[in-house]
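Chemist: Provided herewith is a single structure, encoded as structure tokens, for subsequent inquiry.
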Amino acid sequence: MRLRNNLLLANCGSQVGGAVLQQGSGEAYVVSNTIIANISDTLGEPAGIAVTGNAHFTLSNNIIWNNAASGGSDFGSGSSHSRISNDIGIIAAGVAADNVTGELSVDPGFQPCDEFGCLEFSLARSSPLVDVGIDIPAGGLTGSDLDFKAREIGPHVDIGAYENDLLFRNGYESGS
């Protein structure tokens with residue numbers, strides 16, 4: 001199973017809001033997704049995403065943020081898993097990760113919206129998630145992001161479903 005390059009936004013579920021991934025055996029991969037503003041009707045259940053089953057899940061380069069109501073969580077696991085270069089808000093109690101590397105828990109820093117009702121989930125230039133993803137994650141990268149821009153722009157891939165196309169973190173820099 002591969003869940004790559006998706007935006008899971010504002011879903012509501014009786015147990016898990018965003019997605020429940022269940023696989024019986026083998027390896028499963030969750031790569032370069034933005035999972036945000038999902039809601040669970042059951043307090044204590046992860047509102048963003050839950051992985052379960054007998055498979056081993058590897059999560060890489062995902063934003064799993066702002067899904068939890070008060071007392072809830074963004075991510076939960078009932079399965080063996082590894083987490084590499086993700087930005088996850090609140091992690092539910094459950095099966096401990098086999099490996100956690102480069103994990104953040106920071107406001108993603110999305111682009112500001114210029115209009116009322118705007119839904120913008122690409123990263124701002126100042127986002128701490130730009131150029132900090134893993135370039136060759138287990139499960140692979142797609143060739144483009146969710147806006148069809150090249151997946152690899154800059155020294156490293158960005159965390160989330162969108163790749164920021166900035167060339168210089170502080171805008172244009174000239175050599176004088």
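Within each chain, counting starts at residue 1; across the structure tokens, chains are named A, B, ... in the order shown, with ligands numbered 1 upward in that order.
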Write out as a short mmCIF file (atom, residue, chain, number, x, y, z; two decimals) with N, CA and C atoms, in the first residue's frame the residues lying within 12 Å of stretch 118-125 of chain A, counting only C-alpha atoms and excluding same-chain residues fewer than 6 positions away.
Modeler:
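Everything below was put into selection39.cif:
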data_model
loop_
_atom_site.label_atom_id
_atom_site.label_comp_id
_atom_site.auth_asym_id
_atom_site.auth_seq_id
_atom_site.Cartn_x
_atom_site.Cartn_y
_atom_site.Cartn_z
N ASN A 6 -1.06 13.47 -1.16
CA ASN A 6 -2.49 13.77 -1.03
C ASN A 6 -2.72 14.90 -0.05
N LEU A 7 -3.86 15.57 -0.20
CA LEU A 7 -4.36 16.52 0.77
C LEU A 7 -5.62 15.91 1.36
N LEU A 8 -5.59 15.60 2.66
CA LEU A 8 -6.76 15.12 3.38
C LEU A 8 -7.20 16.27 4.26
N LEU A 9 -8.30 16.90 3.92
CA LEU A 9 -8.72 18.15 4.51
C LEU A 9 -10.17 18.12 4.97
N ALA A 10 -10.38 18.49 6.23
CA ALA A 10 -11.71 18.78 6.78
C ALA A 10 -12.70 17.63 6.64
N ASN A 33 2.26 13.62 2.30
CA ASN A 33 0.86 14.01 2.39
C ASN A 33 0.71 15.20 3.32
N THR A 34 -0.35 15.97 3.11
CA THR A 34 -0.74 17.03 4.03
C THR A 34 -2.11 16.64 4.58
N ILE A 35 -2.17 16.37 5.88
CA ILE A 35 -3.37 15.89 6.54
C ILE A 35 -3.72 16.91 7.61
N ILE A 36 -4.78 17.69 7.38
CA ILE A 36 -5.05 18.85 8.22
C ILE A 36 -6.55 19.09 8.39
N ALA A 37 -6.92 19.55 9.59
CA ALA A 37 -8.28 20.01 9.92
C ALA A 37 -9.34 18.92 9.81
N ILE A 63 2.85 16.10 6.66
CA ILE A 63 2.33 17.07 7.62
C ILE A 63 1.03 16.49 8.15
N TRP A 65 -1.31 17.68 11.01
CA TRP A 65 -1.35 18.85 11.88
C TRP A 65 -2.77 19.40 12.06
N ASP A 107 4.30 24.50 13.88
CA ASP A 107 3.32 25.06 12.96
C ASP A 107 3.93 24.99 11.56
N PRO A 108 3.23 24.39 10.59
CA PRO A 108 3.82 24.20 9.26
C PRO A 108 4.19 25.49 8.53
N GLY A 109 3.53 26.59 8.82
CA GLY A 109 3.86 27.84 8.13
C GLY A 109 3.37 27.86 6.70
N PHE A 110 2.05 27.66 6.53
CA PHE A 110 1.47 27.68 5.19
C PHE A 110 1.46 29.10 4.62
N GLN A 111 1.36 29.20 3.29
CA GLN A 111 1.24 30.49 2.61
C GLN A 111 0.03 31.23 3.16
N PRO A 112 0.14 32.53 3.39
CA PRO A 112 -1.04 33.29 3.83
C PRO A 112 -2.04 33.41 2.68
N ASP A 131 12.70 22.25 2.47
CA ASP A 131 14.02 21.64 2.28
C ASP A 131 14.50 20.78 3.46
N ASP A 145 4.51 17.49 -7.28
CA ASP A 145 3.72 17.69 -6.07
C ASP A 145 2.24 17.79 -6.45
N LEU A 146 1.40 18.16 -5.50
CA LEU A 146 -0.04 18.22 -5.74
C LEU A 146 -0.43 19.35 -6.70
N ASP A 147 0.43 20.36 -6.88
CA ASP A 147 0.21 21.43 -7.86
C ASP A 147 0.94 21.17 -9.18
N LYS A 149 4.08 20.81 -9.67
CA LYS A 149 5.45 21.35 -9.73
C LYS A 149 6.41 20.19 -9.48
N GLY A 154 15.23 22.73 -4.94
CA GLY A 154 16.06 23.12 -3.81
C GLY A 154 16.95 21.96 -3.36
N VAL A 157 13.79 17.81 -0.60
CA VAL A 157 12.34 17.91 -0.77
C VAL A 157 11.74 18.56 0.47
N ASP A 158 10.55 19.13 0.28
CA ASP A 158 9.81 19.73 1.39
C ASP A 158 8.92 18.67 2.04
N ILE A 159 8.56 18.91 3.28
CA ILE A 159 7.61 18.05 3.96
C ILE A 159 6.21 18.48 3.53
N GLY A 160 5.34 17.52 3.25
CA GLY A 160 3.96 17.79 2.85
C GLY A 160 3.71 17.49 1.38
N ALA A 161 2.50 17.78 0.93
CA ALA A 161 2.08 17.46 -0.44
C ALA A 161 2.50 18.49 -1.47
N TYR A 162 2.99 19.64 -1.00
CA TYR A 162 3.35 20.73 -1.92
C TYR A 162 4.83 21.08 -1.79
N GLU A 163 5.47 21.33 -2.91
CA GLU A 163 6.88 21.72 -2.94
C GLU A 163 6.96 23.23 -3.15
N ASN A 164 7.67 23.89 -2.27
CA ASN A 164 7.86 25.34 -2.41
C ASN A 164 8.89 25.56 -3.51
N ASP A 165 8.61 26.47 -4.44
CA ASP A 165 9.52 26.68 -5.55
C ASP A 165 10.46 27.87 -5.35
N LEU A 166 10.72 28.20 -4.09
CA LEU A 166 11.66 29.30 -3.84
C LEU A 166 13.08 28.88 -4.20
N LEU A 167 13.84 29.84 -4.63
CA LEU A 167 15.24 29.58 -4.91
C LEU A 167 16.12 30.04 -3.75
N PHE A 168 15.71 31.12 -3.10
CA PHE A 168 16.47 31.66 -1.99
C PHE A 168 15.52 31.87 -0.81
N ARG A 169 15.87 31.37 0.34
CA ARG A 169 15.01 31.46 1.51
C ARG A 169 14.64 32.90 1.84
N ASN A 170 15.52 33.87 1.63
CA ASN A 170 15.26 35.27 1.96
C ASN A 170 14.95 36.11 0.74
N GLY A 171 14.38 35.52 -0.29
CA GLY A 171 14.08 36.25 -1.51
C GLY A 171 15.28 36.28 -2.43
N TYR A 172 15.33 37.23 -3.32
CA TYR A 172 16.42 37.33 -4.29
C TYR A 172 17.69 37.79 -3.58
#
Chemist: Residues within 10 Å of A:Pro137, please, as a list in words. Count only C-alpha atoms; anything in the same chain fewer than 6 positions from it doesn't count.
Modeler: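 The filter keeps Tyr29, Val30, Val31, Ser32, Thr58, Leu59, Ser60, Asn61, Ile84 and Ser85 of chain A.
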Chemist: Output all heavy atoms of each residue in that selection to a file, as a CSV table (one decimal), in the first residue's frame.
Modeler:
chain,number,residue,atom,x,y,z
A,29,TYR,N,3.4,2.3,2.9
A,29,TYR,CA,4.1,3.6,2.9
A,29,TYR,C,3.2,4.8,2.8
A,29,TYR,O,2.2,4.8,2.0
A,29,TYR,CB,5.1,3.7,1.7
A,29,TYR,CG,6.0,2.4,1.6
A,29,TYR,CD1,5.7,1.4,0.7
A,29,TYR,CD2,7.1,2.3,2.4
A,29,TYR,CE1,6.5,0.3,0.7
A,29,TYR,CE2,7.9,1.2,2.3
A,29,TYR,CZ,7.6,0.2,1.5
A,29,TYR,OH,8.4,-0.9,1.4
A,30,VAL,N,3.4,5.8,3.7
A,30,VAL,CA,2.7,7.0,3.7
A,30,VAL,C,3.7,8.1,3.5
A,30,VAL,O,4.5,8.4,4.4
A,30,VAL,CB,1.9,7.2,5.0
A,30,VAL,CG1,1.1,8.4,5.0
A,30,VAL,CG2,1.0,5.9,5.3
A,31,VAL,N,3.7,8.7,2.3
A,31,VAL,CA,4.7,9.6,1.9
A,31,VAL,C,4.2,11.0,1.3
A,31,VAL,O,3.3,11.0,0.4
A,31,VAL,CB,5.6,9.0,0.8
A,31,VAL,CG1,6.8,9.9,0.4
A,31,VAL,CG2,6.2,7.6,1.3
A,32,SER,N,4.7,12.1,1.8
A,32,SER,CA,4.4,13.4,1.3
A,32,SER,C,3.0,13.8,1.2
A,32,SER,O,2.5,14.3,0.2
A,32,SER,CB,5.1,13.6,-0.1
A,32,SER,OG,6.5,13.4,0.0
A,58,THR,N,5.8,2.8,7.0
A,58,THR,CA,6.8,3.8,7.1
A,58,THR,C,6.1,5.1,6.6
A,58,THR,O,5.6,5.2,5.5
A,58,THR,CB,8.0,3.5,6.2
A,58,THR,OG1,8.5,2.2,6.6
A,58,THR,CG2,9.1,4.5,6.3
A,59,LEU,N,6.2,6.1,7.5
A,59,LEU,CA,5.6,7.4,7.2
A,59,LEU,C,6.8,8.4,7.0
A,59,LEU,O,7.7,8.5,7.9
A,59,LEU,CB,4.8,7.9,8.4
A,59,LEU,CG,3.5,7.2,8.6
A,59,LEU,CD1,3.6,6.0,9.5
A,59,LEU,CD2,2.5,8.1,9.2
A,60,SER,N,6.9,9.1,5.9
A,60,SER,CA,7.9,10.0,5.6
A,60,SER,C,7.4,11.3,4.9
A,60,SER,O,6.5,11.2,4.1
A,60,SER,CB,8.9,9.4,4.6
A,60,SER,OG,9.4,8.1,5.1
A,61,ASN,N,7.9,12.4,5.3
A,61,ASN,CA,7.7,13.7,4.7
A,61,ASN,C,6.2,14.2,4.8
A,61,ASN,O,5.7,14.8,3.9
A,61,ASN,CB,8.1,13.7,3.2
A,61,ASN,CG,9.6,13.5,3.0
A,61,ASN,OD1,10.4,13.6,4.0
A,61,ASN,ND2,10.0,13.1,1.8
A,84,ILE,N,9.8,9.1,9.7
A,84,ILE,CA,11.0,9.8,9.2
A,84,ILE,C,10.7,11.1,8.6
A,84,ILE,O,9.9,11.2,7.6
A,84,ILE,CB,11.8,8.9,8.2
A,84,ILE,CG1,12.1,7.5,8.8
A,84,ILE,CG2,13.1,9.6,7.8
A,84,ILE,CD1,12.4,6.4,7.8
A,85,SER,N,11.2,12.2,9.1
A,85,SER,CA,11.0,13.6,8.6
A,85,SER,C,9.5,13.9,8.4
A,85,SER,O,9.1,14.3,7.3
A,85,SER,CB,11.8,13.7,7.3
A,85,SER,OG,13.1,13.6,7.5
Chemist: Write out as a ChimeraX atom specification each polymer residue whose atoms come within 9 Å of A:Gly72, counting only C-alpha atoms; drop sequence neighbours fewer than 6 positions from it.
Modeler: /A:40,42-47,90-92
Chemist: Taking only chain A into account, list the residues labelled strand (DSSP E) by DSSP (computed from the backbone), as a VMD selection string.
Modeler: chain A and resid 2 to 4 7 to 9 12 to 13 19 to 23 27 to 31 34 to 36 39 to 40 46 to 53 56 to 60 63 to 65 73 to 77 81 to 84 87 to 88 99 to 101
Chemist: Name all residues at most 12 Å from A:Ala50 (count only C-alpha atoms; drop same-chain ones fewer than 5 positions away) and give them as a ChimeraX atom specification.
Modeler: /A:13,15-23,30,35,40,44-45,57,59,64,67,73-81,91-95
Chemist: Find the residues around A:Val106 up to 8 Å (only C-alpha atoms counted), leave out those fewer than 5 positions away in its own chain, and share them as an MDAnalysis selection string.
Modeler: chainID A and resid 87:89 128
Chemist: What separation in Å, quoted to one decimal, exists between atom CA of A:Asn54 and atom CA of A:Thr101?
Modeler: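 Spanning atom CA of A:Asn54 to atom CA of A:Thr101 is a straight-line distance of 22.1 Å.
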Chemist: Between A:Cys113, A:Val132, A:Ala138, A:Ala97, which has the minimum distance to A:Glu152 (counting only C-alpha atoms)?
Modeler: A:Val132
Chemist: Nearest residue to A:Gly139 out of A:Met1, A:Ala96, A:Ala69, A:Leu104, using only C-alpha atoms?
Modeler: A:Met1
Chemist: Pick the closest to A:Ser82 from A:Asn38, A:Asn99, A:Asn11, A:Asn66: which is it, counting only C-alpha atoms?
Modeler: A:Asn99
Chemist: Could you check how far atom CA of A:Ile136 sits from atom CA of A:Phe148, in Å to one decimal?
Modeler: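 Interatomic distance, atom CA of A:Ile136 to atom CA of A:Phe148: 18.9 Å.
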Chemist: By how many Å are atom CA of A:Ser105 and atom CA of A:Ser127 apart?
Modeler: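 Value for the atom CA of A:Ser105-atom CA of A:Ser127 distance: 12.5 Å.
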